[in-house]
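Heads up, upload.txt below (compact mmCIF, C-alpha atoms):
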```txt
# COMPACT_ATOMS: atom_id res chain seq x y z
CA MET A 21 12.41 3.11 8.96
CA LYS A 22 14.82 5.50 10.56
CA ARG A 23 13.26 7.85 13.06
CA ASN A 24 13.93 11.04 15.01
CA THR A 25 11.65 11.60 18.01
CA MET A 26 11.94 13.92 20.95
CA LEU A 27 14.19 11.26 22.50
CA ALA A 28 16.81 10.80 19.79
CA ALA A 29 18.07 12.03 16.43
CA ILE A 30 19.09 10.21 13.30
CA GLY A 31 22.02 11.16 11.10
CA ALA A 32 23.71 14.49 10.69
CA ALA A 33 20.70 16.06 9.01
CA ALA A 34 18.48 15.35 11.98
CA LEU A 35 20.94 16.15 14.75
CA ALA A 36 19.84 19.78 14.79
CA MET A 37 16.40 18.59 15.86
CA ALA A 38 17.60 16.51 18.81
CA GLY A 39 17.88 17.46 22.46
CA MET A 40 14.14 17.77 23.03
CA SER A 41 12.41 16.45 26.12
CA PRO A 42 10.44 13.18 26.29
CA VAL A 43 6.71 13.21 25.58
CA MET A 44 4.70 13.39 28.81
CA ALA A 45 1.04 12.61 29.45
CA GLU A 46 0.14 16.29 29.74
CA ASP A 47 1.72 17.12 26.37
CA ILE A 48 0.00 17.45 23.02
CA THR A 49 1.82 15.32 20.48
CA ILE A 50 1.88 16.19 16.80
CA GLY A 51 3.54 14.08 14.12
CA VAL A 52 5.95 15.25 11.45
CA ILE A 53 7.06 13.18 8.45
CA ALA A 54 10.10 14.39 6.54
CA ASN A 55 12.75 12.81 4.33
CA LEU A 56 15.69 13.10 6.70
CA THR A 57 17.61 10.66 4.51
CA GLY A 58 17.31 10.02 0.78
CA GLN A 59 16.44 12.81 -1.68
CA ASP A 60 15.94 16.49 -0.91
CA VAL A 61 17.12 16.14 2.69
CA ASN A 62 18.01 19.80 3.19
CA THR A 63 14.65 21.17 2.07
CA SER A 64 12.80 18.58 4.13
CA VAL A 65 14.81 19.26 7.28
CA GLN A 66 14.18 22.98 6.85
CA MET A 67 10.43 22.34 6.71
CA ALA A 68 10.70 20.42 9.98
CA ARG A 69 12.67 23.30 11.46
CA GLY A 70 9.88 25.66 10.49
CA VAL A 71 7.48 23.44 12.45
CA GLU A 72 9.91 23.55 15.37
CA ILE A 73 10.07 27.36 15.29
CA ALA A 74 6.27 27.48 15.48
CA ALA A 75 6.26 24.96 18.35
CA ASP A 76 8.81 27.05 20.27
CA GLU A 77 6.69 30.17 19.76
CA ILE A 78 3.44 28.49 20.82
CA ASN A 79 4.98 26.81 23.85
CA LYS A 80 6.59 30.04 24.98
CA ALA A 81 3.12 31.63 24.89
CA GLY A 82 1.63 28.88 27.08
CA GLY A 83 1.10 26.03 24.63
CA ILE A 84 -2.36 24.84 23.64
CA GLY A 85 -4.74 25.10 26.56
CA GLY A 86 -1.77 25.02 28.90
CA LYS A 87 -0.35 21.86 27.30
CA THR A 88 3.08 21.83 25.71
CA ILE A 89 3.41 20.80 22.07
CA LYS A 90 5.77 17.89 21.51
CA LEU A 91 6.81 16.93 18.01
CA ILE A 92 7.48 13.35 16.96
CA VAL A 93 9.48 13.42 13.74
CA GLU A 94 9.71 10.35 11.50
CA ASP A 95 11.88 9.75 8.45
CA SER A 96 10.20 8.76 5.18
CA GLU A 97 13.56 8.35 3.38
CA TYR A 98 11.62 9.78 0.40
CA LYS A 99 10.11 6.33 -0.18
CA THR A 100 6.39 5.60 -0.31
CA GLN A 101 6.54 2.49 1.88
CA GLU A 102 8.67 4.22 4.50
CA ALA A 103 6.27 7.17 4.53
CA LEU A 104 3.39 4.76 5.15
CA THR A 105 5.34 3.02 7.91
CA ALA A 106 6.05 6.39 9.52
CA ALA A 107 2.41 7.46 9.28
CA THR A 108 1.14 4.14 10.66
CA LYS A 109 3.41 4.50 13.69
CA LEU A 110 2.38 8.09 14.31
CA TYR A 111 -1.35 7.49 13.93
CA ASP A 112 -1.62 4.03 15.55
CA VAL A 113 1.21 3.87 18.11
CA ASP A 114 1.81 7.51 19.07
CA LYS A 115 -1.92 8.29 18.66
CA VAL A 116 -1.29 11.72 17.14
CA PRO A 117 -4.44 13.36 15.77
CA ALA A 118 -2.59 15.04 12.94
CA VAL A 119 0.61 14.80 10.91
CA ILE A 120 2.50 17.59 9.14
CA MET A 121 4.30 16.16 6.13
CA PHE A 122 7.00 17.00 3.60
CA GLY A 123 7.34 14.73 0.57
CA GLY A 124 6.58 14.24 -3.08
CA SER A 125 3.01 13.96 -4.29
CA SER A 126 3.17 10.17 -4.66
CA LEU A 127 4.16 9.84 -0.99
CA MET A 128 1.59 12.41 0.13
CA ILE A 129 -1.24 10.69 -1.72
CA ALA A 130 -0.35 7.33 -0.16
CA VAL A 131 -0.34 8.82 3.34
CA ALA A 132 -3.58 10.70 2.61
CA GLU A 133 -5.25 7.38 1.79
CA LEU A 134 -4.10 6.02 5.14
CA ALA A 135 -5.13 9.15 7.03
CA LYS A 136 -8.58 8.96 5.46
CA GLN A 137 -8.95 5.32 6.56
CA GLU A 138 -7.75 6.19 10.06
CA GLY A 139 -9.97 9.25 10.37
CA LYS A 140 -6.93 11.44 11.03
CA VAL A 141 -5.64 14.77 9.66
CA LEU A 142 -2.74 15.33 7.25
CA ILE A 143 -1.24 18.78 6.63
CA ASN A 144 0.64 19.08 3.32
CA THR A 145 3.62 21.47 3.19
CA SER A 146 5.37 20.40 -0.02
CA SER A 147 3.29 18.44 -2.52
CA SER A 148 1.37 20.11 -5.30
CA SER A 149 -0.35 17.51 -7.48
CA ALA A 150 -3.93 18.47 -8.26
CA LYS A 151 -4.91 14.93 -7.16
CA LEU A 152 -4.34 16.01 -3.55
CA GLY A 153 -7.68 17.76 -3.74
CA ASP A 154 -9.38 14.34 -3.72
CA TYR A 155 -9.18 14.09 0.10
CA PRO A 156 -11.49 16.78 1.52
CA GLY A 157 -11.75 16.66 5.28
CA THR A 158 -8.49 14.72 5.53
CA LEU A 159 -5.71 16.52 3.67
CA PHE A 160 -5.20 20.29 4.01
CA SER A 161 -2.54 22.08 1.96
CA ILE A 162 -0.40 25.02 2.97
CA LEU A 163 1.21 24.88 -0.47
CA PRO A 164 -0.96 25.74 -3.50
CA LEU A 165 -1.49 22.92 -5.98
CA ASP A 166 0.02 22.68 -9.45
CA ASP A 167 -3.16 23.57 -11.28
CA ILE A 168 -2.97 27.08 -9.78
CA LEU A 169 0.75 27.74 -10.22
CA GLY A 170 0.96 25.92 -13.56
CA LYS A 171 -1.85 27.99 -15.00
CA GLU A 172 -0.09 31.20 -13.99
CA LEU A 173 3.15 29.91 -15.51
CA GLY A 174 1.48 29.23 -18.86
CA LYS A 175 -0.13 32.67 -18.90
CA TYR A 176 3.19 34.30 -17.94
CA ILE A 177 4.99 32.65 -20.88
CA ALA A 178 2.26 33.62 -23.36
CA LYS A 179 2.52 37.24 -22.26
CA LYS A 180 6.18 37.15 -23.31
CA GLY A 181 5.02 36.76 -26.91
CA ILE A 182 6.34 33.22 -27.21
CA LYS A 183 4.37 31.00 -29.61
CA THR A 184 5.92 27.52 -29.30
CA VAL A 185 7.25 25.59 -26.31
CA ALA A 186 8.43 22.14 -25.29
CA THR A 187 7.60 20.75 -21.87
CA VAL A 188 10.40 18.97 -19.98
CA VAL A 189 9.25 17.52 -16.65
CA PRO A 190 9.83 14.45 -14.46
CA ASN A 191 7.50 11.54 -15.13
CA ASN A 192 5.62 11.80 -11.84
CA THR A 193 2.41 13.38 -10.58
CA PHE A 194 4.18 16.68 -9.86
CA GLY A 195 5.86 17.03 -13.24
CA LEU A 196 2.92 15.85 -15.32
CA GLY A 197 0.57 18.11 -13.36
CA VAL A 198 2.71 21.15 -14.10
CA ALA A 199 3.02 20.23 -17.79
CA ASP A 200 -0.73 19.75 -18.12
CA ALA A 201 -1.73 22.96 -16.34
CA ALA A 202 0.94 25.21 -17.85
CA GLY A 203 0.51 23.71 -21.31
CA ALA A 204 -3.26 24.14 -21.23
CA ALA A 205 -3.01 27.79 -20.18
CA PHE A 206 -0.36 28.45 -22.83
CA LYS A 207 -2.47 26.86 -25.58
CA GLU A 208 -5.56 28.74 -24.42
CA ALA A 209 -3.59 31.95 -24.96
CA GLY A 210 -2.78 30.92 -28.54
CA GLY A 211 0.50 29.07 -28.05
CA LYS A 212 1.49 25.59 -29.24
CA VAL A 213 3.29 22.76 -27.39
CA VAL A 214 5.56 21.18 -30.03
CA LYS A 215 7.20 18.54 -27.83
CA SER A 216 6.44 16.92 -24.47
CA VAL A 217 9.17 15.12 -22.55
CA ALA A 218 8.48 13.24 -19.30
CA TYR A 219 11.86 11.95 -18.15
CA THR A 220 12.73 9.18 -15.72
CA GLU A 221 14.24 10.63 -12.55
CA GLY A 222 17.71 9.83 -11.29
CA GLN A 223 19.39 9.13 -14.63
CA PRO A 224 23.08 9.97 -15.20
CA ASP A 225 22.34 11.47 -18.63
CA TYR A 226 19.36 13.01 -20.43
CA ARG A 227 21.00 13.63 -23.78
CA ALA A 228 18.45 11.61 -25.79
CA ASP A 229 15.57 13.53 -24.19
CA MET A 230 17.19 16.85 -24.92
CA GLN A 231 18.04 15.87 -28.49
CA SER A 232 14.34 15.33 -29.13
CA VAL A 233 13.67 18.83 -27.80
CA VAL A 234 16.37 20.31 -30.05
CA ALA A 235 14.76 18.58 -33.04
CA ALA A 236 11.37 20.15 -32.21
CA ALA A 237 12.94 23.66 -32.26
CA PRO A 238 10.74 25.32 -29.60
CA GLU A 239 11.08 29.02 -28.81
CA ALA A 240 11.18 28.21 -25.08
CA ILE A 241 10.88 25.38 -22.57
CA ILE A 242 8.35 24.84 -19.80
CA SER A 243 9.97 22.82 -17.05
CA ALA A 244 9.68 21.43 -13.55
CA GLY A 245 12.07 19.28 -11.58
CA TYR A 246 14.57 18.93 -8.78
CA GLY A 247 18.19 19.75 -8.02
CA ASP A 248 20.40 16.91 -9.30
CA ASP A 249 18.25 16.09 -12.32
CA SER A 250 17.92 19.74 -13.33
CA ARG A 251 21.71 20.16 -13.21
CA THR A 252 22.19 17.20 -15.57
CA ILE A 253 19.42 18.32 -17.94
CA PHE A 254 20.86 21.83 -18.13
CA LYS A 255 24.32 20.39 -18.87
CA ASN A 256 23.00 18.23 -21.70
CA ALA A 257 20.96 21.15 -23.11
CA ARG A 258 23.98 23.44 -23.03
CA GLU A 259 26.21 20.89 -24.74
CA LEU A 260 23.59 20.40 -27.47
CA GLY A 261 23.31 24.14 -28.08
CA LEU A 262 19.72 24.50 -26.89
CA ASN A 263 19.94 28.24 -26.30
CA VAL A 264 16.33 29.14 -25.54
CA PRO A 265 14.72 30.51 -22.38
CA TRP A 266 13.56 28.09 -19.67
CA PHE A 267 10.36 28.89 -17.80
CA ALA A 268 9.90 26.83 -14.67
CA ALA A 269 7.45 26.03 -11.96
CA TYR A 270 9.29 26.62 -8.67
CA PRO A 271 12.60 27.63 -10.31
CA SER A 272 14.22 28.11 -6.91
CA ILE A 273 14.40 24.32 -6.40
CA PHE A 274 16.46 23.89 -9.59
CA THR A 275 20.25 23.61 -9.53
CA VAL A 276 22.01 25.60 -12.24
CA GLU A 277 24.89 23.77 -13.92
CA ASN A 278 26.65 26.72 -15.55
CA ASP A 279 26.06 30.22 -14.17
CA ALA A 280 27.20 32.12 -17.24
CA TRP A 281 25.14 30.03 -19.68
CA MET A 282 21.98 30.23 -17.60
CA ASN A 283 22.30 33.92 -16.65
CA GLY A 284 18.98 35.59 -17.48
CA LYS A 285 17.76 32.43 -19.23
CA LEU A 286 15.86 30.76 -16.36
CA SER A 287 12.75 32.31 -14.86
CA GLY A 288 9.32 31.29 -13.72
CA VAL A 289 6.64 31.30 -11.07
CA ASP A 290 7.32 30.38 -7.46
CA ASN A 291 5.50 30.58 -4.18
CA GLY A 292 5.82 33.91 -2.41
CA GLY A 293 4.58 36.03 0.45
CA TYR A 294 7.55 35.52 2.76
CA SER A 295 8.51 39.19 3.08
CA ASN A 296 5.62 40.17 5.37
CA ASP A 297 6.13 40.77 9.10
CA THR A 298 5.46 37.15 10.08
CA GLY A 299 7.85 35.86 7.45
CA LYS A 300 10.55 38.25 8.67
CA ALA A 301 10.03 37.08 12.27
CA VAL A 302 10.32 33.43 11.24
CA LEU A 303 13.49 34.20 9.30
CA ALA A 304 14.98 35.96 12.33
CA ALA A 305 14.10 32.99 14.55
CA TYR A 306 15.70 30.61 12.08
CA LYS A 307 18.92 32.59 11.88
CA ALA A 308 19.09 32.80 15.67
CA LYS A 309 18.64 29.05 16.13
CA TRP A 310 20.72 27.87 13.17
CA PRO A 311 23.26 30.64 12.53
CA GLY A 312 25.34 30.41 9.41
CA GLU A 313 22.87 28.19 7.53
CA GLU A 314 21.05 29.39 4.44
CA PRO A 315 17.27 29.34 4.99
CA LEU A 316 14.93 28.05 2.29
CA ALA A 317 11.25 28.80 1.68
CA HIS A 318 10.25 25.47 3.21
CA ILE A 319 10.66 26.83 6.75
CA TYR A 320 7.70 29.15 6.18
CA TYR A 321 5.37 26.34 5.07
CA GLY A 322 6.28 24.21 8.07
CA TYR A 323 5.71 27.17 10.37
CA ASP A 324 2.28 27.99 8.96
CA ALA A 325 1.24 24.34 9.04
CA LEU A 326 1.67 24.08 12.79
CA LYS A 327 0.26 27.53 13.52
CA VAL A 328 -2.96 26.76 11.67
CA LEU A 329 -3.22 23.30 13.20
CA ALA A 330 -2.59 24.66 16.70
CA ALA A 331 -5.25 27.34 16.23
CA ALA A 332 -7.81 24.67 15.38
CA MET A 333 -6.75 22.48 18.32
CA ALA A 334 -6.99 25.43 20.70
CA LYS A 335 -10.67 25.65 19.79
CA VAL A 336 -11.70 21.99 19.69
CA GLY A 337 -9.04 19.89 21.41
CA GLU A 338 -7.41 16.75 20.10
CA ASP A 339 -10.23 14.87 18.37
CA PRO A 340 -9.22 14.47 14.68
CA LYS A 341 -12.76 14.81 13.33
CA ALA A 342 -13.27 18.04 15.28
CA ILE A 343 -9.89 19.35 14.14
CA ALA A 344 -10.74 18.67 10.50
CA ALA A 345 -14.02 20.53 10.87
CA GLU A 346 -12.35 23.50 12.58
CA LEU A 347 -9.33 23.91 10.29
CA PRO A 348 -11.21 25.93 7.62
CA ASN A 349 -12.21 28.38 10.36
CA ALA A 350 -8.63 28.56 11.63
CA VAL A 351 -7.32 29.99 8.36
CA LYS A 352 -9.96 32.70 8.11
CA GLY A 353 -8.17 35.99 8.72
CA TYR A 354 -4.86 34.20 9.25
CA VAL A 355 -1.85 35.92 7.67
CA GLY A 356 1.16 33.71 8.15
CA ALA A 357 4.74 33.45 7.00
CA THR A 358 3.46 32.52 3.51
CA GLY A 359 0.90 35.32 3.41
CA ALA A 360 -2.85 35.11 3.81
CA ILE A 361 -4.19 31.56 3.56
CA ALA A 362 -7.52 30.84 1.90
CA TRP A 363 -8.86 27.36 1.15
CA ASP A 364 -11.51 26.03 -1.16
CA ASP A 365 -14.07 23.55 0.13
CA ARG A 366 -11.52 20.73 -0.28
CA GLY A 367 -9.00 22.33 2.07
CA GLN A 368 -6.74 23.30 -0.85
CA ARG A 369 -5.11 26.69 -1.05
CA ILE A 370 -6.47 29.28 -3.47
CA ASP A 371 -5.36 32.81 -4.39
CA PRO A 372 -1.84 32.37 -2.94
CA PRO A 373 0.82 35.07 -3.28
CA LEU A 374 3.13 34.07 -6.14
CA ASP A 375 6.50 35.51 -7.10
CA LEU A 376 8.14 35.86 -10.50
CA ILE A 377 11.71 34.60 -10.14
CA GLU A 378 14.68 35.08 -12.48
CA TYR A 379 18.20 33.67 -12.35
CA LYS A 380 20.69 36.55 -12.55
CA ASP A 381 24.38 36.79 -11.72
CA GLY A 382 24.53 33.42 -10.01
CA LYS A 383 21.40 33.67 -7.88
CA PHE A 384 17.62 33.78 -8.02
CA GLU A 385 15.97 37.18 -7.72
CA THR A 386 12.33 38.11 -7.26
CA VAL A 387 11.44 40.40 -10.16
CA GLY A 388 7.67 40.68 -9.70
CA THR A 389 4.61 39.28 -8.01
CA ILE A 390 1.26 37.80 -9.01
CA GLN A 391 -1.48 38.53 -6.49
```

Could the structure of this file be written out as structure tokens, please?
Amino acid sequence: MKRNTMLAAIGAAALAMAGMSPVMAEDITIGVIANLTGQDVNTSVQMARGVEIAADEINKAGGIGGKTIKLIVEDSEYKTQEALTAATKLYDVDKVPAVIMFGGSSLMIAVAELAKQEGKVLINTSSSSAKLGDYPGTLFSILPLDDILGKELGKYIAKKGIKTVATVVPNNTFGLGVADAAGAAFKEAGGKVVKSVAYTEGQPDYRADMQSVVAAAPEAIISAGYGDDSRTIFKNARELGLNVPWFAAYPSIFTVENDAWMNGKLSGVDNGGYSNDTGKAVLAAYKAKWPGEEPLAHIYYGYDALKVLAAAMAKVGEDPKAIAAELPNAVKGYVGATGAIAWDDRGQRIDPPLDLIEYKDGKFETVGTIQ
């Protein structure tokens, strides 16, 4: 396991987080797990930077009860075993009461199991499988789960008058969760799913998968996925003449292969709420600290994760059980960089601000909101 603590940094991606002072006895230590190497490094590093912005803000205001927050950041390499190794170190060696984590749902679920056994807290900033709701009192999500966003996606497509779709998603808890939720909402509105594709991630070619979609002749496609895979899938679809609209969960994490071909063809539902005053302040802080770098939405989720956690710790101290009990109170009335946060009794986000996103002229634009 590669690691980046307050004492050292790993790799180019983590260098921006180095130069921090050693952890002292009077500090409050909080763990962060992010994939600083492996897949989705940029988005993960930006989440960790959002946590850092919040730590800077809190420490400048006097810390928590006069104690300075110190972050210990560990690399999961986007691998389940490495994520567990990182979490074990943070919980058992560093004795942190809580960890803020970025990673896929399979990694998050594995760490949630460990956190539950350890009696510790896990704050989710990136995973969205509905199965994350199975850890009440342990796992708290800043990001809404797929059953919420997927349902809105299915309803959004049905309102377009589309009657048949194919689902094209990665064969993992995230992709299957989106397909299930969006497909169910679409069918409830009178639509029909004529083909379901769950592809294996990381393949050099998805032509066979896309040929099966072409054969099903859907009016549109419901999709979810990640950068490199989405680029390849779009390329294969374009070459096969699959000229139908794509409706995606979190379209902003897709990578478009051909701007002209995809112009106006890709849209969907994404997380929103970043344009409020807190979001603007976080964006300004990011640009001041990392000038010239393009910020992503992940900074806002990292920021809110630490702010909510710190608010709970300011009330009850560093005991994990007390923190878990206080966290639902900490979000009441809280309006953060991702908007107002409300949780159900599992600690999972409900009624989040959602944006309608469309790909136009080489970039994603927000064209509406769902409140």

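The set of protein, DNA and RNA residues with any counted atom at most 10 Å from (-12.2, 29.3, 8.4) (all atoms listed in the file) reads Ala332, Ala345, Glu346, Leu347, Pro348, Asn349, Ala350, Val351, Lys352, Gly353, Tyr354, Ile361, Ala362, Trp363 and Gly367 of chain A.
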
Of the residues A:Lys207, A:Arg369, A:His318, A:Lys212, which is the one nearest to Thr145 (chain A), using all atoms listed in the file? A:His318

Which of these, A:Thr158, A:Asn263, A:Gln231, A:Asn278, has the shortest distance to Ala342 (chain A) once you count all atoms listed in the file? A:Thr158

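Using all atoms listed in the file, the shortest contact distance between Leu196 (chain A) and any of A:Gly170, A:Pro372, A:Gly388, A:Pro315 is found at A:Gly170.
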
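You can rank A:Glu314, A:Asp290, A:Asp365, A:Glu46 by their closest distance to Ile377 (chain A) using only C-alpha atoms, and at the top of that list sits A:Asp290.
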
Find, counting all atoms listed in the file, the residue in A:Phe274, A:Glu378, A:Lys151, A:Ile242 that gets nearest to Phe254 (chain A). A:Phe274

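Atom pair CA of Lys307 (chain A) / CA of Leu142 (chain A): separated by 28.1 Å.
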
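Contact shell of Ile143 (chain A) at 10 Å (only C-alpha atoms; same-chain neighbours under 4 positions omitted): Val52, Ala118, Val119, Ile120, Met121, Phe122, Met128, Ala132, Thr158, Leu159, Phe160, Ser161, Ile162, Leu163, Gly322, Ala325, Leu326, Val328, Leu329 and Gly367 of chain A.
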
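The space separating CA of Ser295 (chain A) from CA of Glu313 (chain A) comes to 18.6 Å.
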
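Nearest residue to Ile319 (chain A), choosing from A:Gln137, A:Gln59, A:Asn79, A:Ser146 and counting only C-alpha atoms: A:Ser146.
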
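Rounded to one decimal, CA of Lys115 (chain A) and CA of Ala135 (chain A) lie 12.1 Å from each other.
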
Kindly extract all protein, DNA and RNA residues lying within 12 Å of the coordinates (6.6, 13.3, -7.2) given in the file, considering all atoms listed in the file, and supply them as a PyMOL selection string. chain A and resi 59-60+98-100+122-130+146-152+166+189-198+220-221+244-246

Contacts of Asp225 (chain A) at 10 Å (all atoms listed in the file; same-chain gap of 2+ positions) as a ChimeraX atom specification: /A:222-223,227-230,249,252-253,255-256

I'd like the neighbourhood of Tyr379 (chain A) as JSON, numbers by chain, where a residue qualifies if any of its atoms comes within 12 Å (using only C-alpha atoms), though same-chain residues fewer than 4 positions away should be ignored. {"A": [265, 266, 267, 268, 270, 271, 272, 273, 274, 275, 276, 278, 279, 280, 281, 282, 283, 284, 285, 286, 287, 288, 289, 383, 384, 385, 386, 387]}

Go ahead and dump the residues you just picked, C-alpha atoms, as a short mmCIF file (atom, residue, chain, number, x, y, z; two decimals), keeping the file's coordinate frame.
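Okay, out14.cif is ready:
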```
data_model
loop_
_atom_site.label_atom_id
_atom_site.label_comp_id
_atom_site.auth_asym_id
_atom_site.auth_seq_id
_atom_site.Cartn_x
_atom_site.Cartn_y
_atom_site.Cartn_z
CA PRO A 265 14.72 30.51 -22.38
CA TRP A 266 13.56 28.09 -19.67
CA PHE A 267 10.36 28.89 -17.80
CA ALA A 268 9.90 26.83 -14.67
CA TYR A 270 9.29 26.62 -8.67
CA PRO A 271 12.60 27.63 -10.31
CA SER A 272 14.22 28.11 -6.91
CA ILE A 273 14.40 24.32 -6.40
CA PHE A 274 16.46 23.89 -9.59
CA THR A 275 20.25 23.61 -9.53
CA VAL A 276 22.01 25.60 -12.24
CA ASN A 278 26.65 26.72 -15.55
CA ASP A 279 26.06 30.22 -14.17
CA ALA A 280 27.20 32.12 -17.24
CA TRP A 281 25.14 30.03 -19.68
CA MET A 282 21.98 30.23 -17.60
CA ASN A 283 22.30 33.92 -16.65
CA GLY A 284 18.98 35.59 -17.48
CA LYS A 285 17.76 32.43 -19.23
CA LEU A 286 15.86 30.76 -16.36
CA SER A 287 12.75 32.31 -14.86
CA GLY A 288 9.32 31.29 -13.72
CA VAL A 289 6.64 31.30 -11.07
CA LYS A 383 21.40 33.67 -7.88
CA PHE A 384 17.62 33.78 -8.02
CA GLU A 385 15.97 37.18 -7.72
CA THR A 386 12.33 38.11 -7.26
CA VAL A 387 11.44 40.40 -10.16
#
```

Spatial neighbours of Pro340 (chain A), 9 Å, only C-alpha atoms, chain gap at least 2 places, as a list in words: Val116, Pro117, Ala118, Gly139, Lys140, Val141, Gly337, Glu338, Ala342, Ile343, Ala344 and Ala345 of chain A

Writer output for current selection, C-alpha atoms, as a PDB file, in the frame of the given file:
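Okay, part_17.pdb is ready:
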```pdb
ATOM      1  CA  VAL A 116      -1.290  11.720  17.140  1.00  0.00           C
ATOM      2  CA  PRO A 117      -4.440  13.360  15.770  1.00  0.00           C
ATOM      3  CA  ALA A 118      -2.590  15.040  12.940  1.00  0.00           C
ATOM      4  CA  GLY A 139      -9.970   9.250  10.370  1.00  0.00           C
ATOM      5  CA  LYS A 140      -6.930  11.440  11.030  1.00  0.00           C
ATOM      6  CA  VAL A 141      -5.640  14.770   9.660  1.00  0.00           C
ATOM      7  CA  GLY A 337      -9.040  19.890  21.410  1.00  0.00           C
ATOM      8  CA  GLU A 338      -7.410  16.750  20.100  1.00  0.00           C
ATOM      9  CA  ALA A 342     -13.270  18.040  15.280  1.00  0.00           C
ATOM     10  CA  ILE A 343      -9.890  19.350  14.140  1.00  0.00           C
ATOM     11  CA  ALA A 344     -10.740  18.670  10.500  1.00  0.00           C
ATOM     12  CA  ALA A 345     -14.020  20.530  10.870  1.00  0.00           C
TER      13      ALA A 345
END
```

All file atoms of region 150-168 of chain A boxed axis-aligned, 6 Å per side, centre plus edges, as AutoDock Vina command-line options:
```
--center_x -5.3 --center_y 20.6 --center_z -2.9 --size_x 25.0 --size_y 25.0 --size_z 28.8
```
